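> My file is start.pdb. It has PDB, N, CA and C atoms:
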MODEL        1
ATOM      1  N   MET A   1      15.567  -9.435  11.979
ATOM      2  CA  MET A   1      15.067  -9.180  10.650
ATOM      3  C   MET A   1      16.027  -8.215   9.963
ATOM      4  N   THR A   2      16.583  -8.654   8.878
ATOM      5  CA  THR A   2      17.512  -7.807   8.138
ATOM      6  C   THR A   2      16.752  -7.032   7.070
ATOM      7  N   PRO A   3      17.258  -5.851   6.689
ATOM      8  CA  PRO A   3      16.582  -5.088   5.639
ATOM      9  C   PRO A   3      16.390  -5.891   4.360
ATOM     10  N   SER A   4      17.339  -6.767   4.025
ATOM     11  CA  SER A   4      17.218  -7.516   2.777
ATOM     12  C   SER A   4      16.102  -8.555   2.834
ATOM     13  N   ALA A   5      15.669  -8.962   4.034
ATOM     14  CA  ALA A   5      14.571  -9.915   4.160
ATOM     15  C   ALA A   5      13.223  -9.218   4.036
ATOM     16  N   GLN A   6      13.216  -7.924   4.212
ATOM     17  CA  GLN A   6      11.975  -7.167   4.169
ATOM     18  C   GLN A   6      11.514  -6.958   2.725
ATOM     19  N   VAL A   7      10.225  -6.749   2.585
ATOM     20  CA  VAL A   7       9.641  -6.503   1.272
ATOM     21  C   VAL A   7       8.920  -5.161   1.329
ATOM     22  N   VAL A   8       9.187  -4.318   0.364
ATOM     23  CA  VAL A   8       8.521  -3.023   0.270
ATOM     24  C   VAL A   8       7.650  -3.052  -0.988
ATOM     25  N   VAL A   9       6.402  -2.669  -0.813
ATOM     26  CA  VAL A   9       5.451  -2.656  -1.918
ATOM     27  C   VAL A   9       4.947  -1.230  -2.081
ATOM     28  N   THR A  10       4.891  -0.788  -3.310
ATOM     29  CA  THR A  10       4.287   0.505  -3.620
ATOM     30  C   THR A  10       3.124   0.245  -4.568
ATOM     31  N   ALA A  11       1.956   0.746  -4.181
ATOM     32  CA  ALA A  11       0.773   0.582  -5.018
ATOM     33  C   ALA A  11       0.241   1.962  -5.384
ATOM     34  N   ILE A  12      -0.037   2.150  -6.663
ATOM     35  CA  ILE A  12      -0.629   3.401  -7.141
ATOM     36  C   ILE A  12      -2.046   3.075  -7.597
ATOM     37  N   VAL A  13      -2.992   3.768  -6.970
ATOM     38  CA  VAL A  13      -4.408   3.498  -7.197
ATOM     39  C   VAL A  13      -5.080   4.784  -7.671
ATOM     40  N   ASN A  14      -5.572   4.774  -8.894
ATOM     41  CA  ASN A  14      -6.275   5.924  -9.460
ATOM     42  C   ASN A  14      -7.771   5.654  -9.429
ATOM     43  N   VAL A  15      -8.509   6.520  -8.732
ATOM     44  CA  VAL A  15      -9.961   6.359  -8.662
ATOM     45  C   VAL A  15     -10.649   7.526  -9.368
ATOM     46  N   LYS A  16     -11.893   7.319  -9.693
ATOM     47  CA  LYS A  16     -12.677   8.382 -10.323
ATOM     48  C   LYS A  16     -12.727   9.571  -9.373
ATOM     49  N   PRO A  17     -12.449  10.767  -9.872
ATOM     50  CA  PRO A  17     -12.427  11.941  -8.978
ATOM     51  C   PRO A  17     -13.688  12.087  -8.136
ATOM     52  N   GLU A  18     -14.834  11.791  -8.714
ATOM     53  CA  GLU A  18     -16.085  11.933  -7.971
ATOM     54  C   GLU A  18     -16.249  10.864  -6.888
ATOM     55  N   ALA A  19     -15.413   9.825  -6.940
ATOM     56  CA  ALA A  19     -15.479   8.738  -5.965
ATOM     57  C   ALA A  19     -14.346   8.814  -4.941
ATOM     58  N   ARG A  20     -13.609   9.915  -4.930
ATOM     59  CA  ARG A  20     -12.450  10.045  -4.041
ATOM     60  C   ARG A  20     -12.792   9.769  -2.586
ATOM     61  N   ASP A  21     -13.824  10.408  -2.075
ATOM     62  CA  ASP A  21     -14.152  10.269  -0.655
ATOM     63  C   ASP A  21     -14.589   8.850  -0.304
ATOM     64  N   GLU A  22     -15.353   8.223  -1.181
ATOM     65  CA  GLU A  22     -15.771   6.840  -0.954
ATOM     66  C   GLU A  22     -14.565   5.904  -0.946
ATOM     67  N   ALA A  23     -13.660   6.116  -1.902
ATOM     68  CA  ALA A  23     -12.449   5.293  -1.957
ATOM     69  C   ALA A  23     -11.582   5.519  -0.726
ATOM     70  N   LEU A  24     -11.438   6.766  -0.319
ATOM     71  CA  LEU A  24     -10.622   7.079   0.854
ATOM     72  C   LEU A  24     -11.177   6.399   2.100
ATOM     73  N   ALA A  25     -12.477   6.384   2.255
ATOM     74  CA  ALA A  25     -13.083   5.721   3.411
ATOM     75  C   ALA A  25     -12.780   4.224   3.406
ATOM     76  N   ALA A  26     -12.892   3.581   2.241
ATOM     77  CA  ALA A  26     -12.606   2.148   2.144
ATOM     78  C   ALA A  26     -11.126   1.864   2.371
ATOM     79  N   LEU A  27     -10.261   2.698   1.797
ATOM     80  CA  LEU A  27      -8.818   2.532   1.999
ATOM     81  C   LEU A  27      -8.467   2.690   3.477
ATOM     82  N   THR A  28      -9.059   3.657   4.124
ATOM     83  CA  THR A  28      -8.791   3.895   5.549
ATOM     84  C   THR A  28      -9.151   2.682   6.381
ATOM     85  N   THR A  29     -10.323   2.125   6.155
ATOM     86  CA  THR A  29     -10.755   0.942   6.909
ATOM     87  C   THR A  29      -9.820  -0.238   6.649
ATOM     88  N   GLY A  30      -9.471  -0.447   5.394
ATOM     89  CA  GLY A  30      -8.575  -1.552   5.057
ATOM     90  C   GLY A  30      -7.196  -1.391   5.665
ATOM     91  N   ILE A  31      -6.693  -0.182   5.648
ATOM     92  CA  ILE A  31      -5.357   0.078   6.198
ATOM     93  C   ILE A  31      -5.357  -0.064   7.712
ATOM     94  N   GLU A  32      -6.410   0.396   8.368
ATOM     95  CA  GLU A  32      -6.480   0.231   9.821
ATOM     96  C   GLU A  32      -6.439  -1.245  10.197
ATOM     97  N   GLY A  33      -7.112  -2.101   9.429
ATOM     98  CA  GLY A  33      -7.051  -3.543   9.665
ATOM     99  C   GLY A  33      -5.670  -4.109   9.402
ATOM    100  N   THR A  34      -5.028  -3.610   8.369
ATOM    101  CA  THR A  34      -3.693  -4.086   7.997
ATOM    102  C   THR A  34      -2.660  -3.778   9.066
ATOM    103  N   HIS A  35      -2.791  -2.636   9.719
ATOM    104  CA  HIS A  35      -1.817  -2.258  10.744
ATOM    105  C   HIS A  35      -1.721  -3.292  11.866
ATOM    106  N   GLY A  36      -2.750  -4.078  12.080
ATOM    107  CA  GLY A  36      -2.727  -5.099  13.119
ATOM    108  C   GLY A  36      -2.208  -6.449  12.657
ATOM    109  N   GLU A  37      -1.839  -6.558  11.400
ATOM    110  CA  GLU A  37      -1.381  -7.847  10.876
ATOM    111  C   GLU A  37       0.048  -8.173  11.321
ATOM    112  N   GLU A  38       0.274  -9.445  11.532
ATOM    113  CA  GLU A  38       1.612  -9.958  11.842
ATOM    114  C   GLU A  38       2.541  -9.638  10.667
ATOM    115  N   GLY A  39       3.682  -9.049  10.955
ATOM    116  CA  GLY A  39       4.671  -8.774   9.919
ATOM    117  C   GLY A  39       4.528  -7.444   9.211
ATOM    118  N   CYS A  40       3.479  -6.688   9.535
ATOM    119  CA  CYS A  40       3.314  -5.366   8.928
ATOM    120  C   CYS A  40       4.197  -4.379   9.677
ATOM    121  N   ILE A  41       5.205  -3.869   9.000
ATOM    122  CA  ILE A  41       6.109  -2.879   9.594
ATOM    123  C   ILE A  41       5.564  -1.481   9.344
ATOM    124  N   ALA A  42       5.056  -1.260   8.148
ATOM    125  CA  ALA A  42       4.476   0.043   7.792
ATOM    126  C   ALA A  42       3.491  -0.158   6.658
ATOM    127  N   TYR A  43       2.464   0.673   6.652
ATOM    128  CA  TYR A  43       1.461   0.648   5.586
ATOM    129  C   TYR A  43       0.903   2.056   5.552
ATOM    130  N   ALA A  44       1.438   2.870   4.665
ATOM    131  CA  ALA A  44       1.173   4.307   4.682
ATOM    132  C   ALA A  44       0.448   4.750   3.419
ATOM    133  N   LEU A  45      -0.594   5.537   3.612
ATOM    134  CA  LEU A  45      -1.392   6.056   2.506
ATOM    135  C   LEU A  45      -0.976   7.494   2.207
ATOM    136  N   HIS A  46      -0.808   7.786   0.926
ATOM    137  CA  HIS A  46      -0.474   9.131   0.464
ATOM    138  C   HIS A  46      -1.413   9.471  -0.690
ATOM    139  N   GLU A  47      -1.591  10.778  -0.930
ATOM    140  CA  GLU A  47      -2.358  11.215  -2.093
ATOM    141  C   GLU A  47      -1.481  12.140  -2.925
ATOM    142  N   ASP A  48      -1.503  11.929  -4.208
ATOM    143  CA  ASP A  48      -0.733  12.743  -5.145
ATOM    144  C   ASP A  48      -1.196  14.197  -5.034
ATOM    145  N   THR A  49      -0.277  15.107  -4.768
ATOM    146  CA  THR A  49      -0.640  16.518  -4.613
ATOM    147  C   THR A  49      -1.009  17.183  -5.936
ATOM    148  N   ASN A  50      -0.589  16.596  -7.037
ATOM    149  CA  ASN A  50      -0.902  17.152  -8.353
ATOM    150  C   ASN A  50      -2.097  16.493  -9.017
ATOM    151  N   GLN A  51      -2.499  15.343  -8.491
ATOM    152  CA  GLN A  51      -3.606  14.608  -9.095
ATOM    153  C   GLN A  51      -4.462  14.005  -7.980
ATOM    154  N   PRO A  52      -5.398  14.785  -7.443
ATOM    155  CA  PRO A  52      -6.278  14.243  -6.406
ATOM    156  C   PRO A  52      -6.987  12.976  -6.896
ATOM    157  N   ALA A  53      -7.264  12.087  -5.991
ATOM    158  CA  ALA A  53      -7.875  10.787  -6.269
ATOM    159  C   ALA A  53      -6.859   9.799  -6.838
ATOM    160  N   ARG A  54      -5.592  10.162  -6.787
ATOM    161  CA  ARG A  54      -4.507   9.225  -7.113
ATOM    162  C   ARG A  54      -3.807   8.935  -5.790
ATOM    163  N   PHE A  55      -4.017   7.727  -5.290
ATOM    164  CA  PHE A  55      -3.467   7.332  -4.003
ATOM    165  C   PHE A  55      -2.225   6.479  -4.196
ATOM    166  N   VAL A  56      -1.258   6.675  -3.333
ATOM    167  CA  VAL A  56      -0.029   5.891  -3.336
ATOM    168  C   VAL A  56       0.079   5.246  -1.963
ATOM    169  N   ILE A  57       0.169   3.934  -1.953
ATOM    170  CA  ILE A  57       0.292   3.183  -0.705
ATOM    171  C   ILE A  57       1.693   2.592  -0.676
ATOM    172  N   VAL A  58       2.423   2.880   0.387
ATOM    173  CA  VAL A  58       3.763   2.328   0.570
ATOM    174  C   VAL A  58       3.688   1.372   1.754
ATOM    175  N   GLU A  59       4.034   0.123   1.488
ATOM    176  CA  GLU A  59       3.944  -0.931   2.490
ATOM    177  C   GLU A  59       5.334  -1.478   2.782
ATOM    178  N   LYS A  60       5.550  -1.895   4.010
ATOM    179  CA  LYS A  60       6.796  -2.561   4.367
ATOM    180  C   LYS A  60       6.451  -3.778   5.206
ATOM    181  N   TRP A  61       6.895  -4.926   4.749
ATOM    182  CA  TRP A  61       6.582  -6.211   5.375
ATOM    183  C   TRP A  61       7.861  -6.890   5.859
ATOM    184  N   ALA A  62       7.766  -7.567   6.986
ATOM    185  CA  ALA A  62       8.924  -8.238   7.569
ATOM    186  C   ALA A  62       9.442  -9.360   6.674
ATOM    187  N   THR A  63       8.522 -10.052   6.003
ATOM    188  CA  THR A  63       8.896 -11.176   5.142
ATOM    189  C   THR A  63       7.932 -11.298   3.978
ATOM    190  N   GLN A  64       8.327 -12.060   2.993
ATOM    191  CA  GLN A  64       7.456 -12.365   1.867
ATOM    192  C   GLN A  64       6.232 -13.140   2.360
ATOM    193  N   ALA A  65       6.423 -14.028   3.322
ATOM    194  CA  ALA A  65       5.306 -14.810   3.861
ATOM    195  C   ALA A  65       4.264 -13.903   4.511
ATOM    196  N   ALA A  66       4.703 -12.875   5.217
ATOM    197  CA  ALA A  66       3.760 -11.938   5.838
ATOM    198  C   ALA A  66       2.969 -11.192   4.763
ATOM    199  N   LEU A  67       3.635 -10.798   3.696
ATOM    200  CA  LEU A  67       2.951 -10.126   2.592
ATOM    201  C   LEU A  67       1.928 -11.063   1.950
ATOM    202  N   GLU A  68       2.292 -12.310   1.759
ATOM    203  CA  GLU A  68       1.370 -13.273   1.154
ATOM    204  C   GLU A  68       0.154 -13.502   2.045
ATOM    205  N   ALA A  69       0.353 -13.567   3.351
ATOM    206  CA  ALA A  69      -0.770 -13.716   4.279
ATOM    207  C   ALA A  69      -1.680 -12.486   4.204
ATOM    208  N   HIS A  70      -1.086 -11.324   4.063
ATOM    209  CA  HIS A  70      -1.856 -10.081   3.923
ATOM    210  C   HIS A  70      -2.808 -10.159   2.733
ATOM    211  N   GLY A  71      -2.348 -10.745   1.660
ATOM    212  CA  GLY A  71      -3.175 -10.865   0.458
ATOM    213  C   GLY A  71      -4.446 -11.673   0.665
ATOM    214  N   GLN A  72      -4.493 -12.468   1.731
ATOM    215  CA  GLN A  72      -5.668 -13.292   2.029
ATOM    216  C   GLN A  72      -6.560 -12.700   3.115
ATOM    217  N   ALA A  73      -6.187 -11.540   3.650
ATOM    218  CA  ALA A  73      -6.916 -10.942   4.774
ATOM    219  C   ALA A  73      -8.315 -10.489   4.345
ATOM    220  N   ASP A  74      -9.295 -10.762   5.203
ATOM    221  CA  ASP A  74     -10.677 -10.384   4.905
ATOM    222  C   ASP A  74     -10.842  -8.876   4.735
ATOM    223  N   HIS A  75     -10.139  -8.081   5.574
ATOM    224  CA  HIS A  75     -10.293  -6.623   5.463
ATOM    225  C   HIS A  75      -9.714  -6.103   4.144
ATOM    226  N   LEU A  76      -8.702  -6.768   3.615
ATOM    227  CA  LEU A  76      -8.144  -6.362   2.323
ATOM    228  C   LEU A  76      -9.129  -6.694   1.200
ATOM    229  N   LYS A  77      -9.715  -7.880   1.268
ATOM    230  CA  LYS A  77     -10.712  -8.266   0.261
ATOM    231  C   LYS A  77     -11.908  -7.322   0.291
ATOM    232  N   ALA A  78     -12.342  -6.929   1.486
ATOM    233  CA  ALA A  78     -13.469  -5.997   1.616
ATOM    234  C   ALA A  78     -13.101  -4.631   1.039
ATOM    235  N   MET A  79     -11.866  -4.200   1.263
ATOM    236  CA  MET A  79     -11.408  -2.920   0.737
ATOM    237  C   MET A  79     -11.440  -2.936  -0.793
ATOM    238  N   PHE A  80     -10.917  -4.008  -1.391
ATOM    239  CA  PHE A  80     -10.901  -4.093  -2.849
ATOM    240  C   PHE A  80     -12.310  -4.223  -3.430
ATOM    241  N   ALA A  81     -13.230  -4.833  -2.689
ATOM    242  CA  ALA A  81     -14.607  -4.956  -3.170
ATOM    243  C   ALA A  81     -15.242  -3.580  -3.351
ATOM    244  N   VAL A  82     -14.895  -2.641  -2.482
ATOM    245  CA  VAL A  82     -15.426  -1.283  -2.587
ATOM    246  C   VAL A  82     -14.632  -0.465  -3.602
ATOM    247  N   VAL A  83     -13.310  -0.514  -3.499
ATOM    248  CA  VAL A  83     -12.465   0.346  -4.324
ATOM    249  C   VAL A  83     -12.418  -0.121  -5.780
ATOM    250  N   GLY A  84     -12.490  -1.415  -6.014
ATOM    251  CA  GLY A  84     -12.376  -1.953  -7.374
ATOM    252  C   GLY A  84     -13.251  -1.260  -8.397
ATOM    253  N   PRO A  85     -14.560  -1.137  -8.145
ATOM    254  CA  PRO A  85     -15.429  -0.486  -9.131
ATOM    255  C   PRO A  85     -15.185   1.020  -9.279
ATOM    256  N   LEU A  86     -14.430   1.607  -8.371
ATOM    257  CA  LEU A  86     -14.174   3.048  -8.410
ATOM    258  C   LEU A  86     -12.911   3.405  -9.191
ATOM    259  N   LEU A  87     -12.151   2.388  -9.592
ATOM    260  CA  LEU A  87     -10.874   2.609 -10.276
ATOM    261  C   LEU A  87     -11.073   3.125 -11.699
ATOM    262  N   THR A  88     -10.124   3.949 -12.139
ATOM    263  CA  THR A  88     -10.106   4.386 -13.535
ATOM    264  C   THR A  88      -9.245   3.464 -14.395
ATOM    265  N   GLU A  89      -8.411   2.672 -13.739
ATOM    266  CA  GLU A  89      -7.515   1.735 -14.419
ATOM    267  C   GLU A  89      -7.011   0.749 -13.365
ATOM    268  N   PRO A  90      -6.452  -0.384 -13.792
ATOM    269  CA  PRO A  90      -5.911  -1.319 -12.804
ATOM    270  C   PRO A  90      -4.791  -0.663 -11.999
ATOM    271  N   PRO A  91      -4.678  -1.022 -10.724
ATOM    272  CA  PRO A  91      -3.600  -0.446  -9.914
ATOM    273  C   PRO A  91      -2.230  -0.873 -10.433
ATOM    274  N   THR A  92      -1.261  -0.022 -10.194
ATOM    275  CA  THR A  92       0.137  -0.368 -10.466
ATOM    276  C   THR A  92       0.741  -0.794  -9.139
ATOM    277  N   ILE A  93       1.272  -2.007  -9.100
ATOM    278  CA  ILE A  93       1.845  -2.532  -7.862
ATOM    279  C   ILE A  93       3.274  -2.966  -8.156
ATOM    280  N   VAL A  94       4.206  -2.426  -7.353
ATOM    281  CA  VAL A  94       5.624  -2.712  -7.536
ATOM    282  C   VAL A  94       6.142  -3.358  -6.255
ATOM    283  N   PHE A  95       6.728  -4.560  -6.383
ATOM    284  CA  PHE A  95       7.309  -5.289  -5.259
ATOM    285  C   PHE A  95       8.818  -5.095  -5.291
ATOM    286  N   THR A  96       9.385  -4.656  -4.177
ATOM    287  CA  THR A  96      10.821  -4.387  -4.141
ATOM    288  C   THR A  96      11.454  -4.925  -2.865
ATOM    289  N   GLN A  97      12.773  -5.023  -2.885
ATOM    290  CA  GLN A  97      13.571  -5.322  -1.706
ATOM    291  C   GLN A  97      14.509  -4.154  -1.482
ATOM    292  N   PRO A  98      14.726  -3.782  -0.223
ATOM    293  CA  PRO A  98      15.646  -2.682   0.047
ATOM    294  C   PRO A  98      17.078  -3.020  -0.404
ATOM    295  N   LEU A  99      17.742  -2.039  -0.941
ATOM    296  CA  LEU A  99      19.166  -2.121  -1.262
ATOM    297  C   LEU A  99      19.852  -0.982  -0.512
ATOM    298  N   PRO A 100      20.189  -1.208   0.755
ATOM    299  CA  PRO A 100      20.763  -0.118   1.570
ATOM    300  C   PRO A 100      22.077   0.393   0.997
ATOM    301  N   VAL A 101      22.093   1.657   0.640
ATOM    302  CA  VAL A 101      23.311   2.329   0.163
ATOM    303  C   VAL A 101      23.397   3.679   0.842
ATOM    304  N   GLY A 102      24.587   4.208   0.980
ATOM    305  CA  GLY A 102      24.738   5.524   1.580
ATOM    306  C   GLY A 102      24.505   5.493   3.077
ATOM    307  N   ASP A 103      23.882   6.523   3.577
ATOM    308  CA  ASP A 103      23.611   6.688   5.002
ATOM    309  C   ASP A 103      22.659   5.587   5.483
ATOM    310  N   GLU A 104      23.112   4.766   6.389
ATOM    311  CA  GLU A 104      22.352   3.621   6.868
ATOM    312  C   GLU A 104      20.974   4.027   7.420
ATOM    313  N   ASP A 105      20.880   5.158   8.094
ATOM    314  CA  ASP A 105      19.629   5.614   8.674
ATOM    315  C   ASP A 105      18.646   6.160   7.644
ATOM    316  N   LYS A 106      19.135   6.511   6.470
ATOM    317  CA  LYS A 106      18.284   7.130   5.459
ATOM    318  C   LYS A 106      18.087   6.270   4.210
ATOM    319  N   SER A 107      18.714   5.127   4.169
ATOM    320  CA  SER A 107      18.748   4.378   2.910
ATOM    321  C   SER A 107      17.623   3.370   2.731
ATOM    322  N   THR A 108      16.796   3.157   3.732
ATOM    323  CA  THR A 108      15.659   2.259   3.557
ATOM    324  C   THR A 108      14.415   2.869   4.180
ATOM    325  N   ILE A 109      13.303   2.438   3.675
ATOM    326  CA  ILE A 109      12.002   2.864   4.199
ATOM    327  C   ILE A 109      11.486   1.759   5.086
TER
ENDMDL
END
Here is a file; write its structure as structure tokens.


Amino acid sequence: MTPSAQVVVTAIVNVKPEARDEALAALTTGIEGTHGEEGCIAYALHEDTNQPARFVIVEKWATQAALEAHGQADHLKAMFAVVGPLLTEPPTIVFTQPLPVGDEDKSTI
């Protein structure tokens, strides 16, 4: 698997501050299920230190096909069923491919 075949996705999810804990619980369950998926290299949850209840998910998939299969996973659908009504706005999702430059060990996620 070459870095250029991999797909990196960044999702920014803003939830209602009062719903932070509920959203975090649903995200945790969904991410734990995702970690067992074929082709999942990384799926990491972060929270904005300046804006609590703003979650950033960084995903790394072996192939586009693995990412597409992920989109059909039952645990992902269940996660969105809970988190969807808690959102303050639609999520921002950015699909990217690595462009390794500079230090080979530091140039891709």

> Can you turn the PyMOL selection byres ((chain A and resi 53-58) around 6) into a concrete residue list for this file, as a ChimeraX atom specification?

/A:9-17,20,42-48,51-52,59-60

> Just write the chosen residues, N, CA and C atoms, as a short mmCIF file (atom, residue, chain, number, x, y, z; two decimals), in the frame of the given file.


data_model
loop_
_atom_site.label_atom_id
_atom_site.label_comp_id
_atom_site.auth_asym_id
_atom_site.auth_seq_id
_atom_site.Cartn_x
_atom_site.Cartn_y
_atom_site.Cartn_z
N VAL A 9 6.40 -2.67 -0.81
CA VAL A 9 5.45 -2.66 -1.92
C VAL A 9 4.95 -1.23 -2.08
N THR A 10 4.89 -0.79 -3.31
CA THR A 10 4.29 0.50 -3.62
C THR A 10 3.12 0.24 -4.57
N ALA A 11 1.96 0.75 -4.18
CA ALA A 11 0.77 0.58 -5.02
C ALA A 11 0.24 1.96 -5.38
N ILE A 12 -0.04 2.15 -6.66
CA ILE A 12 -0.63 3.40 -7.14
C ILE A 12 -2.05 3.08 -7.60
N VAL A 13 -2.99 3.77 -6.97
CA VAL A 13 -4.41 3.50 -7.20
C VAL A 13 -5.08 4.78 -7.67
N ASN A 14 -5.57 4.77 -8.89
CA ASN A 14 -6.28 5.92 -9.46
C ASN A 14 -7.77 5.65 -9.43
N VAL A 15 -8.51 6.52 -8.73
CA VAL A 15 -9.96 6.36 -8.66
C VAL A 15 -10.65 7.53 -9.37
N LYS A 16 -11.89 7.32 -9.69
CA LYS A 16 -12.68 8.38 -10.32
C LYS A 16 -12.73 9.57 -9.37
N PRO A 17 -12.45 10.77 -9.87
CA PRO A 17 -12.43 11.94 -8.98
C PRO A 17 -13.69 12.09 -8.14
N ARG A 20 -13.61 9.91 -4.93
CA ARG A 20 -12.45 10.04 -4.04
C ARG A 20 -12.79 9.77 -2.59
N ALA A 42 5.06 -1.26 8.15
CA ALA A 42 4.48 0.04 7.79
C ALA A 42 3.49 -0.16 6.66
N TYR A 43 2.46 0.67 6.65
CA TYR A 43 1.46 0.65 5.59
C TYR A 43 0.90 2.06 5.55
N ALA A 44 1.44 2.87 4.66
CA ALA A 44 1.17 4.31 4.68
C ALA A 44 0.45 4.75 3.42
N LEU A 45 -0.59 5.54 3.61
CA LEU A 45 -1.39 6.06 2.51
C LEU A 45 -0.98 7.49 2.21
N HIS A 46 -0.81 7.79 0.93
CA HIS A 46 -0.47 9.13 0.46
C HIS A 46 -1.41 9.47 -0.69
N GLU A 47 -1.59 10.78 -0.93
CA GLU A 47 -2.36 11.22 -2.09
C GLU A 47 -1.48 12.14 -2.92
N ASP A 48 -1.50 11.93 -4.21
CA ASP A 48 -0.73 12.74 -5.14
C ASP A 48 -1.20 14.20 -5.03
N GLN A 51 -2.50 15.34 -8.49
CA GLN A 51 -3.61 14.61 -9.10
C GLN A 51 -4.46 14.00 -7.98
N PRO A 52 -5.40 14.78 -7.44
CA PRO A 52 -6.28 14.24 -6.41
C PRO A 52 -6.99 12.98 -6.90
N GLU A 59 4.03 0.12 1.49
CA GLU A 59 3.94 -0.93 2.49
C GLU A 59 5.33 -1.48 2.78
N LYS A 60 5.55 -1.90 4.01
CA LYS A 60 6.80 -2.56 4.37
C LYS A 60 6.45 -3.78 5.21
#

> Which residues are close to Ala66 (chain A), i.e. within 8 Å by only N, CA and C atoms, leaving aside same-chain residues fewer than 2 positions away? Reply as a PDB file with N, CA and C atoms, in the coordinates of the input.


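File written: selection-v7.pdb
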ATOM      1  N   GLU A  37      -1.839  -6.558  11.400  1.00  0.00           N
ATOM      2  CA  GLU A  37      -1.381  -7.847  10.876  1.00  0.00           C
ATOM      3  C   GLU A  37       0.048  -8.173  11.321  1.00  0.00           C
ATOM      4  N   GLU A  38       0.274  -9.445  11.532  1.00  0.00           N
ATOM      5  CA  GLU A  38       1.612  -9.958  11.842  1.00  0.00           C
ATOM      6  C   GLU A  38       2.541  -9.638  10.667  1.00  0.00           C
ATOM      7  N   GLY A  39       3.682  -9.049  10.955  1.00  0.00           N
ATOM      8  CA  GLY A  39       4.671  -8.774   9.919  1.00  0.00           C
ATOM      9  C   GLY A  39       4.528  -7.444   9.211  1.00  0.00           C
ATOM     10  N   CYS A  40       3.479  -6.688   9.535  1.00  0.00           N
ATOM     11  CA  CYS A  40       3.314  -5.366   8.928  1.00  0.00           C
ATOM     12  C   CYS A  40       4.197  -4.379   9.677  1.00  0.00           C
ATOM     13  N   TRP A  61       6.895  -4.926   4.749  1.00  0.00           N
ATOM     14  CA  TRP A  61       6.582  -6.211   5.375  1.00  0.00           C
ATOM     15  C   TRP A  61       7.861  -6.890   5.859  1.00  0.00           C
ATOM     16  N   ALA A  62       7.766  -7.567   6.986  1.00  0.00           N
ATOM     17  CA  ALA A  62       8.924  -8.238   7.569  1.00  0.00           C
ATOM     18  C   ALA A  62       9.442  -9.360   6.674  1.00  0.00           C
ATOM     19  N   THR A  63       8.522 -10.052   6.003  1.00  0.00           N
ATOM     20  CA  THR A  63       8.896 -11.176   5.142  1.00  0.00           C
ATOM     21  C   THR A  63       7.932 -11.298   3.978  1.00  0.00           C
ATOM     22  N   GLN A  64       8.327 -12.060   2.993  1.00  0.00           N
ATOM     23  CA  GLN A  64       7.456 -12.365   1.867  1.00  0.00           C
ATOM     24  C   GLN A  64       6.232 -13.140   2.360  1.00  0.00           C
ATOM     25  N   GLU A  68       2.292 -12.310   1.759  1.00  0.00           N
ATOM     26  CA  GLU A  68       1.370 -13.273   1.154  1.00  0.00           C
ATOM     27  C   GLU A  68       0.154 -13.502   2.045  1.00  0.00           C
ATOM     28  N   ALA A  69       0.353 -13.567   3.351  1.00  0.00           N
ATOM     29  CA  ALA A  69      -0.770 -13.716   4.279  1.00  0.00           C
ATOM     30  C   ALA A  69      -1.680 -12.486   4.204  1.00  0.00           C
ATOM     31  N   HIS A  70      -1.086 -11.324   4.063  1.00  0.00           N
ATOM     32  CA  HIS A  70      -1.856 -10.081   3.923  1.00  0.00           C
ATOM     33  C   HIS A  70      -2.808 -10.159   2.733  1.00  0.00           C
ATOM     34  N   GLY A  71      -2.348 -10.745   1.660  1.00  0.00           N
ATOM     35  CA  GLY A  71      -3.175 -10.865   0.458  1.00  0.00           C
ATOM     36  C   GLY A  71      -4.446 -11.673   0.665  1.00  0.00           C
TER      37      GLY A  71
END

> Extract the full set of alpha helix (DSSP H) residues from chain A according to DSSP on the backbone, and format it as a PyMOL selection string.

chain A and resi 20-34+64-70+74-83

> Step by step, work through what the PyMOL selection byres ((chain A and resi 78-90) around 6.5) selects in the shown file, and finish by giving those residues as a ChimeraX atom specification.

/A:12-16,19,23,26-27,30,73-77,91-92

> Give the strand (DSSP E) residues of region 23-77 of chain A, as DSSP finds them on the backbone, and put them as a list in words.

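Across region 23-77 of chain A, those assigned strand (DSSP E) are Cys40, Ile41, Ala42, Tyr43, Ala44, Leu45, His46, Glu47, Arg54, Phe55, Val56, Ile57, Val58, Glu59, Lys60 and Trp61 of chain A.
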
> So the first atom is CA of Glu18 (chain A) and the second is CA of His35 (chain A); what is the distance between them in Å, to one decimal place?

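Going from CA of Glu18 (chain A) over to CA of His35 (chain A), I get 27.5 Å.
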
> One decimal, in Å: what's the spacing between atom C of Val7 (chain A) and CA of Gln97 (chain A)?

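Spanning atom C of Val7 (chain A) to CA of Gln97 (chain A) is a straight-line distance of 5.6 Å.
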
> Quick one: pull the distance between CA of Glu22 (chain A) and CA of Leu67 (chain A), Å, one decimal.

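According to the coordinates, CA of Glu22 (chain A) and CA of Leu67 (chain A) are separated by 25.5 Å.
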
> Assuming 8 Å of padding per side, give the centre and edge lengths of the axis-aligned box around every listed atom of region 41-58 of chain A, in Å to one decimal and as AutoDock Vina command-line options.


--center_x -0.9 --center_y 6.7 --center_z 0.2 --size_x 30.0 --size_y 37.1 --size_z 34.7
